[in-house]
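Right, one structure below, let's go through it.
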Amino acid sequence: MKFSLSWLKEHLDTDADMQAVADCLNRIGLEVEGIENPAEALSAFRIAKVISAAPHPQADKLQVLSVDAGGEPLQVVCGAPNARAGMLGVFGPAGAVVPANGMVLKVAAIRGVESNGMMCSIAELELGDDHDGIIELPDDAPVGQVYADWADLDDPVIDVSITPNRQDCMGVRGIARDLAAAGLGTLKPLGDVYKIDLSTPLEGSDPAPNVRTDDEAGCPAFYAQSVSGVRNGEAPEWMRAKLKAIGQKPISALVDITNFLSIDLGRPLHVYDRAKLNGALVARKARDGEEIVALNGKTYALDASMTVIADDAMVHDIGGIMGGEHSGVSEDTTDVLIECAFFDPEHIARTGQKLGLTSDARQRFERGVDPAFLDDGLAIATKLVLDLSGGTASAITRVGQAPVTPRIFAYDTDYCRRLGGVDVPPEEQRNILERLGFLVTADWHITVPSWRRDVDGAADIVEEVVRMVGLDNVMSVPLPRADGVAKPTATPAQSLERKVRRAAAARGLNEAINWSFLPQKAADAFGGGAWALANPISEDMKVMRPSLLPGLLSAAQRNMDRGASSVRLFEIGRRYFVGTDATSDERATAGIVLAGERTARNWATGKAERFDAFDAKAEAIALLKAAGVATDSLLVMDDAGAHYHPGQSATLRMGPKNKLAAFGTLHPATAKAFDLDGTVVAAEIFLDAIPLKKASGFMRPAFTPPALQAVTRDFAFLVVEGMPANDLLRAIKGADKDNIVAVRLFDRFAGQGVPEGQVSLAVEVTLQPTDKSYSDDELKAISDKVIAAATKLGAILRG
């Protein structure tokens, strides 16, 4: 919401300067996002007179001017077609910065002729779009004066962030009312601002326009008035200046009036060219398949859920959002119909979302405009049309009833202290509320003003009082804390995520934080997303991610495109899919992507080494171990997913059905979808599948190292080629759980001496004695158990 300081002071009687206004706005909860003063950027530009203009000796389209800017005449090279001797314009000397492009003016030779600055156009000073020639000023403009001072451009523009609940502050008057309530000045009567008696309807003798509403849910009230014999010329300078100051382009008097009132009073209206209407103008539901070409030039397909304004022939307006191009006013318009209607906020929001259409009118109507401001809004609009464009007003048509039922509730003044933490005297609370427009009875029954749709109870009243007193006056009070050591506040799931995050960082992985939304193409590479947004911010943020890997792969691709030779990324977040009850479900996941070089080239190994599937497996096992999983007993199985290479991927499971992780080399097609070259490996750890351990409340026992040294024994077995080595290791470890503490594969051999179709697997078995050393007989018994366990799998001990 933008407005200039002078605009604000048309509603607020105050001597406060810009800084005082900004400080007060921030204090009462209307956050100031920025302040711009066009005069500051134009402080170096002065009014100058062109003394003489001669052709440039080296260029047909350039002239050499002699310019008087209040001192010695300066030579300036100029290419503007309207530059001539005797005219007054705006001169930028050397050292000035051109607002439009940030160029610093310097003394320079242009085609061999020295130029000491430039004569400026409207566009170059960012005062409009006209760049066909330099600015021409009246003959009485004072030569040498700062142009911004002479043109009254020293008028700061304030940009305020309006929260969705403050619909009353979507107009300058609403902001002025808040500032007055905060004690910064006095709110001027609206009739005085517009010089109109709002107690008497501004009606003429011409017949009232034929309008009605057939959609009382979407458009409960439809007021209209006609004006005949108008002249739709240019709006007056004061109105055009206000609109240009906030970035709006003036169009014509009739259009500018509606835009001005939307900003000034937060009251959108629409003006139709009556010559383009056929029959009665009706607010109704659209018919499926109807279309409209809106004022933005785009065609919108409508459906039966949308409220439109139409006549007997066609749709002319998407009700409360945007008018149609066909019935818009032009310079030839002589008779108009002014519409001032109330549209239901929920209907407006749904229609705007369906059409993907936003506008100033929609922003105000979907927040909720003042339902009691129909008569006054129409009267002010009609007066402006009559004042600026002439004509004769008709009688007024009032159809339907806006929802203006008063909201009244009892209020306890001590509630401000109890809930808000500020002890405000009752009489001061009454004064604050009355300045905001609330009606307060002697027994503290409060009537909410019609423009405050957001106030719905005593807590909202406390908020109003506290913010006017000042949020900085709320004392900081610490929450009570129990004696002793504070109990952990993290849930088991949060603790699990912290452990995994710390372990990943400790292993040299870099954490990435990606959006939960993906482009459709990225989601399709992982089987597609279960949920797509109906109204996404952009097409690149349309689908809820089915996996964390797409975001990590995109990040890896960006890094490698910028020269990174090795990428090690991880992320902990949520993946989204359809739950058992057909609603959205989300699960905690850790994703890892390794791409590029595992080790750089060096003198010892020569070539650089790239990551492989075993690197992804090592990371997955390490993070599962950090999460408290007994990784030695996990099953290694297939079915990692279609986005992995089928021969270089696997899953880690706690039992055949409980999949804890998937890892491996990405499928070449998946890597190609993300423009990644070479081998890329990844891992996914499904944190939701890890059993959570509840805190026991006791510390684990101190670690006691074994008193006796461990013993190792090596075995070599012939197994069928293709049998997972992990199956053999698991069988051996389970052969004697009391003595065998570790089993490790240290060699795999196929070739001479090994039968065809078989491989030799050599394993190291670690035995740990407890209270005494092993005897030969005990070692033989353990060895027999190892051989027996392997034999059950079809393995044969090599001699």
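The chains in the structure tokens are called A, B, ... from first to last as shown; in each chain the residues are counted from 1, and the ligands are counted from 1 in the order shown.
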
Could you produce a table of the residues of region 35-72 of chain A lying within 10 Å of region 243-250 of chain A, with the nearest pair of atoms per residue and their separation in Å rounded to one decimal, using only C-alpha atoms, ordered by chain and increasing residue number, as CSV?
residue,atom,partner,partner_atom,distance
A:Glu36,CA,A:Ala245,CA,9.8
A:Asn37,CA,A:Ala245,CA,9.5
A:Pro38,CA,A:Ala245,CA,8.6

For the selection you just gave me, I'd like the residues written to a file as a PDB file, in the first residue's frame, keeping N, CA and C atoms.
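Result went into part20.pdb, see below:
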ATOM      1  N   GLU A  36      10.431   6.523  -0.128  1.00  0.00           N
ATOM      2  CA  GLU A  36      11.153   7.075  -1.261  1.00  0.00           C
ATOM      3  C   GLU A  36      10.756   8.537  -1.451  1.00  0.00           C
ATOM      4  N   ASN A  37      11.750   9.358  -1.681  1.00  0.00           N
ATOM      5  CA  ASN A  37      11.495  10.767  -1.947  1.00  0.00           C
ATOM      6  C   ASN A  37      12.101  11.104  -3.299  1.00  0.00           C
ATOM      7  N   PRO A  38      11.270  11.311  -4.336  1.00  0.00           N
ATOM      8  CA  PRO A  38      11.819  11.594  -5.664  1.00  0.00           C
ATOM      9  C   PRO A  38      12.688  12.837  -5.702  1.00  0.00           C
TER      10      PRO A  38
END

Members of region 175-351 of chain A assigned strand (DSSP E) by DSSP, as JSON, numbers by chain: {"A": [186, 187, 211, 212, 213, 221, 222, 223, 224, 225, 226, 227, 228, 270, 271, 272, 273, 281, 282, 283, 284, 285, 291, 292, 293, 299, 300, 301, 307, 308, 309, 310, 315, 316, 317, 318, 322, 323, 335, 336, 337, 338, 339, 340, 341, 342]}

Among the residues A:Pro189, A:Gly628, A:Gly279, A:Pro691, the one that comes closest to Asn658 (chain A) [using only C-alpha atoms]: A:Pro691

Shell of 6 Å around Glu339 (chain A), only C-alpha atoms, local chain residues under 3 positions omitted, as a ChimeraX atom specification: /A:224,269-270

Print the selection's residues with N, CA and C atoms to a file, as a PDB file, in the first residue's frame.
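Dumped to selection31.pdb:
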ATOM      1  N   ALA A 224     -26.093   1.676  -8.140  1.00  0.00           N
ATOM      2  CA  ALA A 224     -25.618   2.229  -9.404  1.00  0.00           C
ATOM      3  C   ALA A 224     -26.242   3.594  -9.648  1.00  0.00           C
ATOM      4  N   LEU A 269     -14.591   0.767  -7.357  1.00  0.00           N
ATOM      5  CA  LEU A 269     -15.811   0.985  -8.127  1.00  0.00           C
ATOM      6  C   LEU A 269     -15.505   0.658  -9.589  1.00  0.00           C
ATOM      7  N   HIS A 270     -16.540   0.693 -10.405  1.00  0.00           N
ATOM      8  CA  HIS A 270     -16.322   0.473 -11.833  1.00  0.00           C
ATOM      9  C   HIS A 270     -17.229   1.401 -12.612  1.00  0.00           C
TER      10      HIS A 270
END

Which polymer residues have any atom within 9 Å of an atom of Val422 (chain A), counting only C-alpha atoms, with same-chain residues fewer than 3 positions away left out, as a compact mmCIF listing (two decimals) with N, CA, C and O atoms, in the first residue's frame?
# COMPACT_ATOMS: atom_id res chain seq x y z
N CYS A 416 -7.43 -5.97 29.46
CA CYS A 416 -6.25 -5.42 28.79
C CYS A 416 -4.99 -5.73 29.59
O CYS A 416 -3.96 -6.08 29.03
N ARG A 417 -5.07 -5.63 30.91
CA ARG A 417 -3.91 -5.93 31.76
C ARG A 417 -3.63 -7.43 31.79
O ARG A 417 -2.49 -7.86 31.68
N ARG A 418 -4.72 -8.21 31.92
CA ARG A 418 -4.54 -9.65 32.07
C ARG A 418 -4.04 -10.31 30.78
O ARG A 418 -3.18 -11.20 30.82
N LEU A 419 -4.55 -9.89 29.65
CA LEU A 419 -4.18 -10.52 28.39
C LEU A 419 -3.03 -9.80 27.70
O LEU A 419 -2.10 -10.44 27.19
N VAL A 466 -3.73 -2.06 22.94
CA VAL A 466 -2.30 -2.24 23.18
C VAL A 466 -1.48 -1.65 22.03
O VAL A 466 -0.47 -0.98 22.25
N VAL A 469 -1.42 2.12 22.36
CA VAL A 469 -0.54 2.53 23.46
C VAL A 469 0.92 2.35 23.05
O VAL A 469 1.79 3.14 23.44
N ASN A 473 5.60 -0.83 24.74
CA ASN A 473 5.30 -0.64 26.16
C ASN A 473 4.90 -1.93 26.86
O ASN A 473 4.64 -1.93 28.06
N VAL A 474 4.82 -3.02 26.10
CA VAL A 474 4.51 -4.32 26.71
C VAL A 474 5.79 -4.83 27.36
O VAL A 474 6.81 -5.03 26.70
N MET A 475 5.74 -5.04 28.66
CA MET A 475 6.93 -5.46 29.39
C MET A 475 7.29 -6.90 29.07
O MET A 475 6.42 -7.76 28.90

Within 9 Å of Phe3 (chain A) using only C-alpha atoms, minus same-chain residues under 3 positions, as a list in words: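 The residues satisfying every condition are Ser6, Trp7, Leu8, Pro156, Val157, Ile158, Asp159, Val160, Val172, Lys242, Leu243, Ala245, Ile246, Ile263 and Asp264 of chain A.
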
Tyr300 (chain A) surroundings by only C-alpha atoms, 12 Å radius, close-in-sequence under 2 positions cut, as JSON, numbers by chain: {"A": [286, 288, 289, 290, 291, 292, 293, 294, 295, 296, 297, 298, 302, 303, 306, 308, 315, 316, 317, 318, 322, 323, 324, 325, 351, 352, 354, 355, 356, 357]}

Close residues, region 71-83 of chain A itself excluded, 7 Å, only C-alpha atoms, min 6 positions apart in chain, as JSON, numbers by chain: {"A": [61, 62, 63, 64, 65, 115, 116, 117, 118, 119, 133, 134]}

All helix (DSSP H, G or I) positions in region 182-360 of chain A, as a PyMOL selection string: chain A and resi 190-194+237-245+253-265+274-276+345-355+360

Selected residue of minimal separation from Leu652 (chain A) among A:Asn514, A:Thr307, A:Thr766, A:Thr631, counting only C-alpha atoms: A:Thr631

Two-atom distance - CA of Ala582 (chain A), CA of Glu346 (chain A) (Å):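 If I compute the distance from CA of Ala582 (chain A) to CA of Glu346 (chain A), I get 26.2 Å.
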
Point-to-point distance from CA of Gln353 (chain A) to CA of Asp585 (chain A), Å rounded to tenths: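 Answer for the CA of Gln353 (chain A) to CA of Asp585 (chain A) separation: 24.1 Å.
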
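Using only C-alpha atoms, the smallest distance between any of A:Ser633, A:Thr405, A:Ser565, A:Ser450 and Ala731 (chain A) comes from A:Ser633.
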